[in-house]
$ cat run05.csv   # CSV, C-alpha atoms
chain,number,residue,atom,x,y,z
A,284,MET,CA,-42.3,-112.2,-131.2
A,285,GLU,CA,-40.9,-109.9,-133.7
A,286,SER,CA,-39.6,-106.6,-132.3
A,287,GLN,CA,-41.3,-103.3,-133.3
A,288,TYR,CA,-37.8,-101.7,-133.4
A,289,THR,CA,-35.2,-101.9,-136.1
A,290,THR,CA,-31.6,-101.0,-135.9
A,291,GLN,CA,-28.8,-100.4,-138.4
A,292,TYR,CA,-26.3,-101.5,-135.7
A,293,PRO,CA,-27.2,-105.2,-135.0
A,294,ASP,CA,-23.7,-106.0,-133.8
A,295,LEU,CA,-23.2,-102.9,-131.7
A,296,MET,CA,-21.8,-103.6,-128.3
A,297,SER,CA,-22.0,-107.3,-128.9
A,298,GLY,CA,-21.0,-109.1,-125.7
A,299,LYS,CA,-20.9,-105.9,-123.7
A,300,THR,CA,-23.0,-104.4,-121.0
A,301,LEU,CA,-25.0,-101.2,-121.1
A,302,MET,CA,-26.4,-99.9,-117.8
A,303,TYR,CA,-29.5,-97.7,-118.1
A,304,VAL,CA,-30.4,-95.3,-115.3
A,305,HIS,CA,-34.0,-94.2,-115.4
A,306,GLY,CA,-35.6,-90.9,-114.7
A,307,PHE,CA,-37.9,-89.5,-112.0
A,308,ALA,CA,-40.9,-91.6,-111.0
A,309,SER,CA,-39.9,-94.4,-113.4
A,310,SER,CA,-38.4,-97.9,-113.0
A,311,ALA,CA,-36.3,-100.6,-114.6
A,312,GLN,CA,-39.5,-101.7,-116.4
A,313,SER,CA,-39.7,-98.5,-118.4
A,314,GLY,CA,-40.3,-98.8,-122.2
A,315,THR,CA,-36.8,-97.3,-122.7
A,316,VAL,CA,-35.2,-100.4,-121.3
A,317,SER,CA,-37.2,-102.6,-123.6
A,318,MET,CA,-36.3,-100.3,-126.5
A,319,LEU,CA,-32.6,-100.4,-125.8
A,320,ARG,CA,-32.6,-104.2,-125.5
A,321,ALA,CA,-34.3,-104.5,-128.9
A,322,MET,CA,-32.0,-101.9,-130.5
A,323,LEU,CA,-28.9,-103.5,-129.1
A,324,PRO,CA,-29.6,-107.3,-129.5
A,325,GLY,CA,-26.0,-108.3,-128.9
A,326,ALA,CA,-25.6,-106.4,-125.7
A,327,SER,CA,-26.7,-107.0,-122.1
A,328,VAL,CA,-28.9,-104.0,-121.1
A,329,VAL,CA,-29.3,-103.8,-117.3
A,330,ALA,CA,-31.3,-101.5,-115.1
A,331,CYS,CA,-32.6,-101.4,-111.5
A,332,ASP,CA,-35.4,-99.6,-109.7
A,333,LEU,CA,-33.9,-96.6,-108.0
A,334,PRO,CA,-34.9,-95.9,-104.4
A,335,ILE,CA,-36.7,-92.6,-103.9
A,336,HIS,CA,-34.1,-91.3,-101.5
A,337,PRO,CA,-31.0,-90.1,-103.5
A,338,ALA,CA,-28.3,-91.3,-101.1
A,339,GLU,CA,-29.8,-94.8,-101.3
A,340,ALA,CA,-30.2,-94.6,-105.1
A,341,LEU,CA,-26.5,-93.7,-105.5
A,342,ALA,CA,-25.5,-96.5,-103.2
A,343,ARG,CA,-27.6,-98.9,-105.3
A,344,LEU,CA,-26.0,-97.7,-108.5
A,345,HIS,CA,-22.4,-98.0,-107.2
A,346,ASP,CA,-23.2,-101.5,-106.1
A,347,MET,CA,-24.6,-102.3,-109.5
A,348,CYS,CA,-21.5,-100.8,-111.3
A,349,GLU,CA,-19.3,-103.0,-109.1
A,350,GLU,CA,-21.4,-106.1,-110.0
A,351,CYS,CA,-21.9,-105.5,-113.7
A,352,ARG,CA,-18.9,-103.4,-114.7
A,353,PRO,CA,-20.8,-101.7,-117.5
A,354,ASP,CA,-19.0,-100.7,-120.7
A,355,ILE,CA,-21.4,-97.7,-121.1
A,356,ILE,CA,-23.8,-96.0,-118.8
A,357,VAL,CA,-26.8,-94.2,-120.3
A,358,GLY,CA,-28.8,-92.0,-117.9
A,359,THR,CA,-31.9,-89.9,-118.8
A,360,SER,CA,-33.2,-86.9,-117.0
A,361,MET,CA,-32.7,-87.6,-113.2
A,362,GLY,CA,-30.8,-90.7,-114.3
A,363,GLY,CA,-28.4,-88.5,-116.2
A,364,MET,CA,-27.8,-86.6,-113.0
A,365,TYR,CA,-26.9,-89.8,-111.2
A,366,ALA,CA,-24.8,-91.1,-114.1
A,367,GLU,CA,-22.6,-88.0,-114.0
A,368,LEU,CA,-21.6,-89.0,-110.4
A,369,LEU,CA,-20.6,-92.5,-111.5
A,370,HIS,CA,-17.0,-91.7,-112.2
A,371,GLY,CA,-14.7,-94.1,-114.0
A,372,TYR,CA,-17.1,-95.2,-116.8
A,373,ASP,CA,-18.0,-94.1,-120.3
A,374,ARG,CA,-21.3,-92.3,-119.8
A,375,ILE,CA,-24.0,-90.7,-121.9
A,376,LEU,CA,-26.2,-88.2,-120.2
A,377,VAL,CA,-29.5,-87.5,-122.0
A,378,ASN,CA,-31.2,-84.2,-120.9
A,379,PRO,CA,-29.6,-84.5,-117.4
A,380,ALA,CA,-31.5,-82.9,-114.6
A,381,PHE,CA,-28.7,-81.4,-112.6
A,382,ARG,CA,-31.1,-79.2,-110.6
A,383,MET,CA,-33.4,-82.0,-109.3
A,384,GLY,CA,-34.2,-80.0,-106.1
A,385,ASP,CA,-35.7,-77.2,-108.2
A,386,THR,CA,-37.3,-79.7,-110.6
A,387,MET,CA,-39.0,-81.7,-107.8
A,388,SER,CA,-40.4,-78.6,-106.2
A,389,LYS,CA,-42.9,-78.6,-109.1
A,390,PHE,CA,-44.2,-82.0,-108.0
A,391,MET,CA,-45.0,-81.5,-104.3
A,392,GLY,CA,-47.3,-84.1,-102.8
A,393,ARG,CA,-48.5,-87.5,-103.9
A,394,GLN,CA,-46.9,-89.0,-107.0
A,395,VAL,CA,-47.6,-92.2,-108.9
A,396,PHE,CA,-44.8,-94.2,-110.5
A,397,SER,CA,-45.2,-94.3,-114.3
A,398,ASN,CA,-44.0,-97.9,-114.5
A,399,PRO,CA,-44.3,-101.0,-112.3
A,400,ARG,CA,-41.6,-101.6,-109.7
A,401,ALA,CA,-40.2,-104.9,-108.4
A,402,ASP,CA,-41.3,-104.0,-104.8
A,403,GLY,CA,-44.9,-103.4,-105.9
A,404,VAL,CA,-44.9,-99.8,-104.6
A,405,GLN,CA,-47.1,-97.6,-106.8
A,406,GLU,CA,-46.8,-94.2,-105.3
A,407,PHE,CA,-44.7,-91.9,-103.2
A,408,MET,CA,-44.7,-88.5,-101.6
A,409,VAL,CA,-42.6,-85.5,-102.6
A,410,THR,CA,-41.9,-83.5,-99.4
A,411,LYS,CA,-39.8,-80.5,-98.5
A,412,SER,CA,-37.4,-82.9,-96.8
A,413,LEU,CA,-37.1,-85.1,-99.9
A,414,ILE,CA,-36.5,-82.0,-102.0
A,415,LYS,CA,-33.7,-80.9,-99.7
A,416,GLU,CA,-32.1,-84.4,-100.0
A,417,TYR,CA,-32.0,-84.0,-103.8
A,418,ALA,CA,-30.6,-80.5,-103.6
A,419,GLU,CA,-27.8,-81.8,-101.4
A,420,VAL,CA,-27.0,-84.6,-103.9
A,421,THR,CA,-27.1,-82.4,-107.0
A,422,ALA,CA,-24.7,-80.0,-105.3
A,423,ARG,CA,-22.1,-82.7,-105.8
A,424,CYS,CA,-22.8,-82.9,-109.6
A,425,LEU,CA,-20.2,-81.3,-112.0
A,426,SER,CA,-17.6,-81.2,-109.2
A,427,ASP,CA,-14.2,-82.9,-109.1
A,428,VAL,CA,-14.4,-83.4,-112.9
A,429,SER,CA,-11.2,-85.1,-114.0
A,430,ASP,CA,-9.5,-85.1,-117.4
A,431,ASP,CA,-10.7,-88.8,-117.7
A,432,ASP,CA,-14.3,-87.6,-117.0
A,433,ARG,CA,-14.0,-85.0,-119.7
A,434,ARG,CA,-12.9,-87.6,-122.2
A,435,ARG,CA,-15.5,-90.2,-121.3
A,436,VAL,CA,-18.7,-88.2,-120.6
A,437,VAL,CA,-21.1,-87.1,-123.4
A,438,GLY,CA,-24.0,-84.8,-122.8
A,439,MET,CA,-27.0,-85.0,-125.2
A,440,PHE,CA,-29.6,-82.2,-125.1
A,441,GLY,CA,-32.9,-82.0,-126.9
A,442,ASP,CA,-33.5,-78.7,-128.7
A,443,GLU,CA,-37.2,-78.9,-127.7
A,444,ASP,CA,-36.8,-80.0,-124.1
A,445,ASP,CA,-39.3,-78.0,-122.1
A,446,VAL,CA,-38.6,-79.8,-118.7
A,447,VAL,CA,-34.9,-79.1,-118.0
A,448,ASP,CA,-32.2,-76.9,-119.5
A,449,THR,CA,-28.7,-77.7,-118.4
A,450,TYR,CA,-26.8,-77.5,-121.7
A,451,GLY,CA,-24.8,-74.4,-120.6
A,452,LEU,CA,-24.2,-75.8,-117.2
A,453,PHE,CA,-22.8,-79.0,-118.6
A,454,LEU,CA,-20.7,-77.3,-121.3
A,455,ALA,CA,-19.0,-75.3,-118.6
A,456,HIS,CA,-17.5,-78.5,-117.2
A,457,TYR,CA,-17.4,-81.0,-120.2
A,458,PRO,CA,-16.5,-80.4,-123.8
A,459,THR,CA,-18.8,-82.9,-125.5
A,460,ALA,CA,-22.2,-81.3,-125.3
A,461,ILE,CA,-24.3,-82.3,-128.3
A,462,LYS,CA,-27.7,-81.0,-129.2
A,463,PHE,CA,-30.2,-83.3,-131.0
A,464,HIS,CA,-33.7,-82.7,-132.5
A,465,GLY,CA,-36.1,-83.8,-129.9
A,466,GLY,CA,-37.7,-83.1,-126.5
A,467,HIS,CA,-37.1,-84.4,-123.0
A,468,ARG,CA,-38.0,-88.0,-123.4
A,469,LEU,CA,-35.8,-90.5,-125.0
A,470,THR,CA,-38.1,-91.7,-127.8
A,471,ASP,CA,-37.3,-94.5,-130.2
A,472,SER,CA,-36.7,-92.0,-132.9
A,473,VAL,CA,-34.1,-90.1,-130.8
A,474,ALA,CA,-32.5,-93.3,-129.7
A,475,SER,CA,-32.2,-94.6,-133.3
A,476,HIS,CA,-31.1,-91.5,-135.1
A,477,TYR,CA,-29.0,-89.8,-132.4
A,478,LEU,CA,-28.1,-92.0,-129.4
A,479,LEU,CA,-27.0,-95.2,-131.2
A,480,PRO,CA,-24.5,-93.4,-133.4
A,481,VAL,CA,-22.9,-91.9,-130.3
A,482,ILE,CA,-22.8,-95.3,-128.6
A,483,ARG,CA,-21.1,-96.6,-131.7
A,484,TYR,CA,-18.4,-94.0,-131.6
A,485,ILE,CA,-17.7,-94.9,-128.0
A,486,ASP,CA,-17.7,-98.6,-128.8
A,487,ASP,CA,-15.2,-98.0,-131.6
A,488,ARG,CA,-13.0,-96.1,-129.3
A,489,GLN,CA,-13.1,-98.8,-126.7
A,490,GLU,CA,-12.2,-101.4,-129.2
A,491,GLY,CA,-9.6,-99.3,-131.0
A,492,ARG,CA,-11.6,-100.0,-134.1
A,493,GLU,CA,-10.8,-98.0,-137.3
A,494,ARG,CA,-13.3,-97.8,-140.1
A,495,PRO,CA,-12.8,-96.7,-143.7
A,496,VAL,CA,-13.1,-93.0,-144.0
A,497,ILE,CA,-15.6,-91.2,-146.2
A,498,TYR,CA,-15.6,-87.4,-146.8
A,499,LEU,CA,-18.9,-85.9,-147.9
A,500,ASP,CA,-18.7,-82.5,-149.6
A,501,ILE,CA,-21.3,-80.3,-148.0
A,502,ALA,CA,-22.3,-79.0,-151.4
A,503,ALA,CA,-23.5,-82.6,-152.3
A,504,LEU,CA,-25.8,-82.6,-149.3
A,505,ARG,CA,-27.9,-79.5,-149.9
A,506,ASP,CA,-29.7,-77.9,-152.8
A,507,GLY,CA,-29.6,-74.3,-154.1
A,508,ARG,CA,-32.1,-73.3,-151.4
A,509,GLY,CA,-30.0,-74.8,-148.6
A,510,ASP,CA,-32.4,-77.7,-148.0
A,511,ALA,CA,-31.2,-81.3,-147.8
A,512,VAL,CA,-31.2,-83.1,-151.2
A,513,PRO,CA,-33.5,-86.1,-151.6
A,514,SER,CA,-32.3,-89.3,-149.9
A,515,MET,CA,-29.4,-87.5,-148.2
A,516,HIS,CA,-30.5,-88.4,-144.7
A,517,LYS,CA,-31.1,-92.0,-145.6
A,518,ALA,CA,-27.6,-92.2,-147.2
A,519,TYR,CA,-25.9,-90.5,-144.3
A,520,GLU,CA,-27.4,-92.9,-141.7
A,521,ARG,CA,-26.5,-95.9,-143.9
A,522,LEU,CA,-23.0,-94.7,-144.2
A,523,ILE,CA,-22.3,-94.0,-140.6
A,524,SER,CA,-23.4,-97.5,-139.6
A,525,ARG,CA,-20.3,-98.9,-141.4
A,526,TYR,CA,-17.9,-96.0,-142.0
A,527,SER,CA,-16.2,-93.1,-140.3
A,528,VAL,CA,-18.0,-90.2,-142.1
A,529,TYR,CA,-16.9,-86.6,-142.2
A,530,ILE,CA,-18.5,-83.5,-143.7
A,531,VAL,CA,-16.1,-81.3,-145.7
A,532,ALA,CA,-16.7,-77.5,-146.2
A,533,PRO,CA,-14.5,-74.7,-147.5
A,534,SER,CA,-12.0,-73.3,-145.0
A,535,PRO,CA,-13.3,-70.2,-143.1
A,536,ALA,CA,-10.2,-68.4,-144.2
A,537,CYS,CA,-12.0,-67.7,-147.4
A,538,ASP,CA,-15.2,-66.6,-145.8
A,539,PRO,CA,-15.4,-66.5,-142.0
A,540,CYS,CA,-19.2,-66.1,-142.1
A,541,ALA,CA,-19.5,-69.3,-144.1
A,542,MET,CA,-18.0,-71.4,-141.3
A,543,GLN,CA,-20.8,-70.4,-138.9
A,544,SER,CA,-23.4,-70.9,-141.7
A,545,ASP,CA,-22.1,-74.4,-142.6
A,546,MET,CA,-21.9,-75.5,-138.9
A,547,ALA,CA,-25.5,-74.3,-138.4
A,548,TRP,CA,-26.6,-76.3,-141.4
A,549,VAL,CA,-24.9,-79.5,-140.2
A,550,GLU,CA,-26.4,-79.0,-136.7
A,551,ARG,CA,-29.9,-78.5,-138.2
A,552,TYR,CA,-29.9,-81.4,-140.7
A,553,LEU,CA,-27.5,-84.0,-139.3
A,554,SER,CA,-27.3,-83.1,-135.6
A,555,ALA,CA,-25.7,-85.4,-133.1
A,556,PRO,CA,-24.1,-88.0,-135.4
A,557,ALA,CA,-22.1,-85.3,-137.1
A,558,TRP,CA,-20.8,-83.6,-133.9
A,559,GLY,CA,-17.1,-83.0,-134.1
A,560,ARG,CA,-17.0,-84.4,-137.7
A,561,VAL,CA,-16.9,-81.3,-139.8
A,562,VAL,CA,-13.7,-80.6,-141.6
A,563,PHE,CA,-12.9,-77.2,-143.1
A,564,ALA,CA,-10.3,-77.5,-145.9
A,565,ASN,CA,-9.5,-75.8,-149.1
A,566,ASP,CA,-6.8,-78.2,-150.4
A,567,ARG,CA,-8.6,-81.6,-150.1
A,568,ARG,CA,-5.6,-83.4,-151.5
A,569,LEU,CA,-4.3,-83.2,-147.9
A,570,LEU,CA,-7.2,-85.1,-146.5
A,571,TYR,CA,-6.4,-88.7,-145.7
A,572,GLY,CA,-9.3,-91.1,-146.4
A,573,ASP,CA,-10.7,-93.8,-148.5
A,574,TYR,CA,-13.6,-92.1,-150.3
A,575,MET,CA,-14.7,-88.6,-151.2
A,576,VAL,CA,-18.2,-87.7,-152.4
A,577,GLU,CA,-18.3,-84.5,-154.4
A,578,PRO,CA,-20.7,-82.8,-156.8
A,579,ARG,CA,-20.3,-83.3,-160.5
A,580,GLY,CA,-17.7,-80.9,-161.9
A,581,CYS,CA,-16.1,-80.2,-158.5
A,582,VAL,CA,-13.9,-83.3,-158.2
A,583,THR,CA,-10.7,-83.0,-156.3
A,584,GLU,CA,-7.7,-84.0,-158.5
A,585,GLY,CA,-5.0,-85.8,-156.6
A,586,PHE,CA,-7.1,-87.2,-153.7
A,587,MET,CA,-5.5,-90.4,-152.7
A,588,GLY,CA,-8.7,-92.3,-152.2
A,589,THR,CA,-11.7,-93.1,-154.5
A,590,VAL,CA,-13.8,-90.1,-155.6
A,591,ILE,CA,-17.5,-90.5,-156.1
A,592,GLU,CA,-19.0,-87.8,-158.4
A,593,TRP,CA,-22.5,-87.1,-157.1
A,594,GLY,CA,-24.7,-86.1,-160.0
A,595,SER,CA,-22.7,-87.9,-162.7
A,596,ASP,CA,-24.1,-90.5,-165.0
A,597,GLU,CA,-23.0,-93.3,-162.7
A,598,PHE,CA,-24.1,-91.6,-159.5
A,599,LYS,CA,-27.1,-89.4,-160.4
A,600,THR,CA,-28.7,-89.6,-157.0
A,601,TRP,CA,-27.8,-90.5,-153.4
A,602,GLU,CA,-29.8,-93.7,-153.9
A,603,GLU,CA,-27.2,-94.9,-156.4
A,604,ILE,CA,-24.5,-94.0,-153.9
A,605,ILE,CA,-26.3,-96.0,-151.2
A,606,THR,CA,-26.3,-99.0,-153.6
A,607,PHE,CA,-22.6,-98.6,-154.3
A,608,PHE,CA,-21.6,-98.6,-150.7
A,609,ASP,CA,-24.1,-101.3,-149.7
A,610,ARG,CA,-22.3,-103.6,-152.2
A,611,LEU,CA,-19.0,-102.8,-150.7
A,612,GLY,CA,-20.3,-103.9,-147.3
A,613,GLY,CA,-18.1,-101.6,-145.2
A,614,GLN,CA,-14.9,-102.1,-147.2

$ encode --input "run05.csv" --output "structure tokens"
Amino acid sequence: MESQYTTQYPDLMSGKTLMYVHGFASSAQSGTVSMLRAMLPGASVVACDLPIHPAEALARLHDMCEECRPDIIVGTSMGGMYAELLHGYDRILVNPAFRMGDTMSKFMGRQVFSNPRADGVQEFMVTKSLIKEYAEVTARCLSDVSDDDRRRVVGMFGDEDDVVDTYGLFLAHYPTAIKFHGGHRLTDSVASHYLLPVIRYIDDRQEGRERPVIYLDIAALRDGRGDAVPSMHKAYERLISRYSVYIVAPSPACDPCAMQSDMAWVERYLSAPAWGRVVFANDRRLLYGDYMVEPRGCVTEGFMGTVIEWGSDEFKTWEEIITFFDRLGGQ
């Protein structure tokens, strides 16, 4: 049966294992697991039904880590809280619910699992005693954070999440806190546009893989009103699937306010995939890379790589630039 999902990363994590940790009242049969398996056809995506009691859930997850030795752990919501406690692995926490005691207090009483579970249990009770158990476990979160953890843990936070808000709490302990356009749930759109590029960055780091570098002049990405030019998003997503892509803007030494404005623009239009990949430079001859895309009439003389002049007769639109790089096939 043909999958309803498509991916620009068919070889991503090929031969590797991704462990998914589900959220509150869910299971290993959630649609997220099926989605990740379809989007990562070369990887083994594993998950388990978490026990309701948090101590038991953590024990189950530690056992699973020992058995599967996952290359990356992805946890969503409550699963993000658990994943933070699984030290020694590359982890991505999507909207982590670090205050599960407070969150669960909103769901007192009988609850129904949103997905089937292997044990056939369909419902459970949220009691004061259970809430206390979660409060005790979450008190352990974000403690004893090592330098290795800071390097290997990524937090992703939806800018429209109306369920939990732990961005500031995470950022106080980890440097890589990325906002994306979306809500609390990990939808297929969020996974495709934001999560998969982050997984690819981690996979490249694990493999020591270096890709050809493309610099995109921010002026070639937006029009005179500050909106994204046609086909820019399409081109950007195609390019990051094969290349290391950086956005180049003028150095803030020229205009300090421009730096904040440019960063806000990148966050608004490109979000998670461009996190940490904005370069401020006035002398672009000093940038080491393979390609530079710049607007017509603003070409950098002396750049050591190949310059693509967006808006020229050869590259009038981003569609023509897409065709050019598609023919190169990642070279």

$ residues_around --input "run05.csv" --residues "A:Arg551" --least-positions-apart "5" --cutoff "10 Å" --atoms "only C-alpha atoms" --output "tab-separated table (two decimals) with C-alpha atoms, in the coordinates of the input"
chain	number	residue	atom	x	y	z
A	462	LYS	CA	-27.70	-81.00	-129.20
A	463	PHE	CA	-30.20	-83.30	-131.00
A	464	HIS	CA	-33.70	-82.70	-132.50
A	545	ASP	CA	-22.10	-74.40	-142.60
A	546	MET	CA	-21.90	-75.50	-138.90

$ atom_distance --input "run05.csv" --atom1 "atom CA of A:Val428" --atom2 "atom CA of A:Gln543"
29.8 Å

$ atom_distance --input "run05.csv" --atom1 "atom CA of A:Ile530" --atom2 "atom CA of A:Ala503"
10.0 Å

$ residues_around --input "run05.csv" --residues "A:Ile356" --least-positions-apart "2" --cutoff "8 Å" --atoms "only C-alpha atoms" --output "number ranges by chain"
A: 301-304, 353-354, 358, 366, 372-375

$ write_last_selection --input "run05.csv" --atoms "C-alpha atoms" --output "CSV table (one decimal), keeping the file's coordinate frame"
chain,number,residue,atom,x,y,z
A,301,LEU,CA,-25.0,-101.2,-121.1
A,302,MET,CA,-26.4,-99.9,-117.8
A,303,TYR,CA,-29.5,-97.7,-118.1
A,304,VAL,CA,-30.4,-95.3,-115.3
A,353,PRO,CA,-20.8,-101.7,-117.5
A,354,ASP,CA,-19.0,-100.7,-120.7
A,358,GLY,CA,-28.8,-92.0,-117.9
A,366,ALA,CA,-24.8,-91.1,-114.1
A,372,TYR,CA,-17.1,-95.2,-116.8
A,373,ASP,CA,-18.0,-94.1,-120.3
A,374,ARG,CA,-21.3,-92.3,-119.8
A,375,ILE,CA,-24.0,-90.7,-121.9

$ residues_around --input "run05.csv" --residues "stretch 291-293 of chain A" --least-positions-apart "2" --cutoff "7 Å" --atoms "only C-alpha atoms" --output "VMD selection string"
chain A and resid 289 295 323 to 325 524

$ residues_around --input "run05.csv" --residues "stretch 572-577 of chain A" --least-positions-apart "4" --cutoff "8 Å" --atoms "all atoms listed in the file" --output "ChimeraX atom specification"
/A:495-500,502-503,581-583,587-593

$ build_atoms --input "run05.csv" --residues "stretch 542-555 of chain A" --atoms "N, CA, C and O atoms" --output "mmCIF file, keeping the file's coordinate frame"
data_model
loop_
_atom_site.group_PDB
_atom_site.id
_atom_site.type_symbol
_atom_site.label_atom_id
_atom_site.label_comp_id
_atom_site.auth_asym_id
_atom_site.auth_seq_id
_atom_site.Cartn_x
_atom_site.Cartn_y
_atom_site.Cartn_z
ATOM 1 N N MET A 542 -18.271 -70.356 -142.295
ATOM 2 C CA MET A 542 -18.000 -71.400 -141.300
ATOM 3 C C MET A 542 -19.224 -71.532 -140.363
ATOM 4 O O MET A 542 -19.738 -72.632 -140.124
ATOM 5 N N GLN A 543 -19.682 -70.399 -139.843
ATOM 6 C CA GLN A 543 -20.800 -70.400 -138.900
ATOM 7 C C GLN A 543 -22.072 -70.919 -139.636
ATOM 8 O O GLN A 543 -22.850 -71.688 -139.064
ATOM 9 N N SER A 544 -22.245 -70.506 -140.893
ATOM 10 C CA SER A 544 -23.400 -70.900 -141.700
ATOM 11 C C SER A 544 -23.370 -72.453 -141.916
ATOM 12 O O SER A 544 -24.375 -73.148 -141.765
ATOM 13 N N ASP A 545 -22.191 -72.977 -142.279
ATOM 14 C CA ASP A 545 -22.100 -74.400 -142.600
ATOM 15 C C ASP A 545 -22.261 -75.224 -141.289
ATOM 16 O O ASP A 545 -22.910 -76.279 -141.309
ATOM 17 N N MET A 546 -21.708 -74.759 -140.177
ATOM 18 C CA MET A 546 -21.900 -75.500 -138.900
ATOM 19 C C MET A 546 -23.351 -75.513 -138.506
ATOM 20 O O MET A 546 -23.857 -76.527 -138.029
ATOM 21 N N ALA A 547 -24.028 -74.386 -138.701
ATOM 22 C CA ALA A 547 -25.500 -74.300 -138.400
ATOM 23 C C ALA A 547 -26.254 -75.273 -139.241
ATOM 24 O O ALA A 547 -27.211 -75.906 -138.776
ATOM 25 N N TRP A 548 -25.881 -75.387 -140.498
ATOM 26 C CA TRP A 548 -26.600 -76.300 -141.400
ATOM 27 C C TRP A 548 -26.403 -77.746 -140.965
ATOM 28 O O TRP A 548 -27.370 -78.523 -140.920
ATOM 29 N N VAL A 549 -25.165 -78.111 -140.648
ATOM 30 C CA VAL A 549 -24.900 -79.500 -140.200
ATOM 31 C C VAL A 549 -25.663 -79.779 -138.921
ATOM 32 O O VAL A 549 -26.254 -80.853 -138.766
ATOM 33 N N GLU A 550 -25.683 -78.825 -137.984
ATOM 34 C CA GLU A 550 -26.400 -79.000 -136.700
ATOM 35 C C GLU A 550 -27.897 -79.198 -136.979
ATOM 36 O O GLU A 550 -28.552 -80.020 -136.340
ATOM 37 N N ARG A 551 -28.422 -78.437 -137.913
ATOM 38 C CA ARG A 551 -29.900 -78.500 -138.200
ATOM 39 C C ARG A 551 -30.239 -79.806 -138.877
ATOM 40 O O ARG A 551 -31.233 -80.442 -138.493
ATOM 41 N N TYR A 552 -29.476 -80.214 -139.870
ATOM 42 C CA TYR A 552 -29.900 -81.400 -140.700
ATOM 43 C C TYR A 552 -29.310 -82.697 -140.256
ATOM 44 O O TYR A 552 -29.929 -83.746 -140.478
ATOM 45 N N LEU A 553 -28.125 -82.701 -139.649
ATOM 46 C CA LEU A 553 -27.500 -84.000 -139.300
ATOM 47 C C LEU A 553 -27.374 -84.158 -137.776
ATOM 48 O O LEU A 553 -27.318 -85.285 -137.295
ATOM 49 N N SER A 554 -27.292 -83.074 -137.041
ATOM 50 C CA SER A 554 -27.300 -83.100 -135.600
ATOM 51 C C SER A 554 -26.265 -83.992 -134.969
ATOM 52 O O SER A 554 -25.126 -84.035 -135.424
ATOM 53 N N ALA A 555 -26.638 -84.739 -133.924
ATOM 54 C CA ALA A 555 -25.700 -85.400 -133.100
ATOM 55 C C ALA A 555 -24.669 -86.328 -133.791
ATOM 56 O O ALA A 555 -23.483 -86.305 -133.441
#
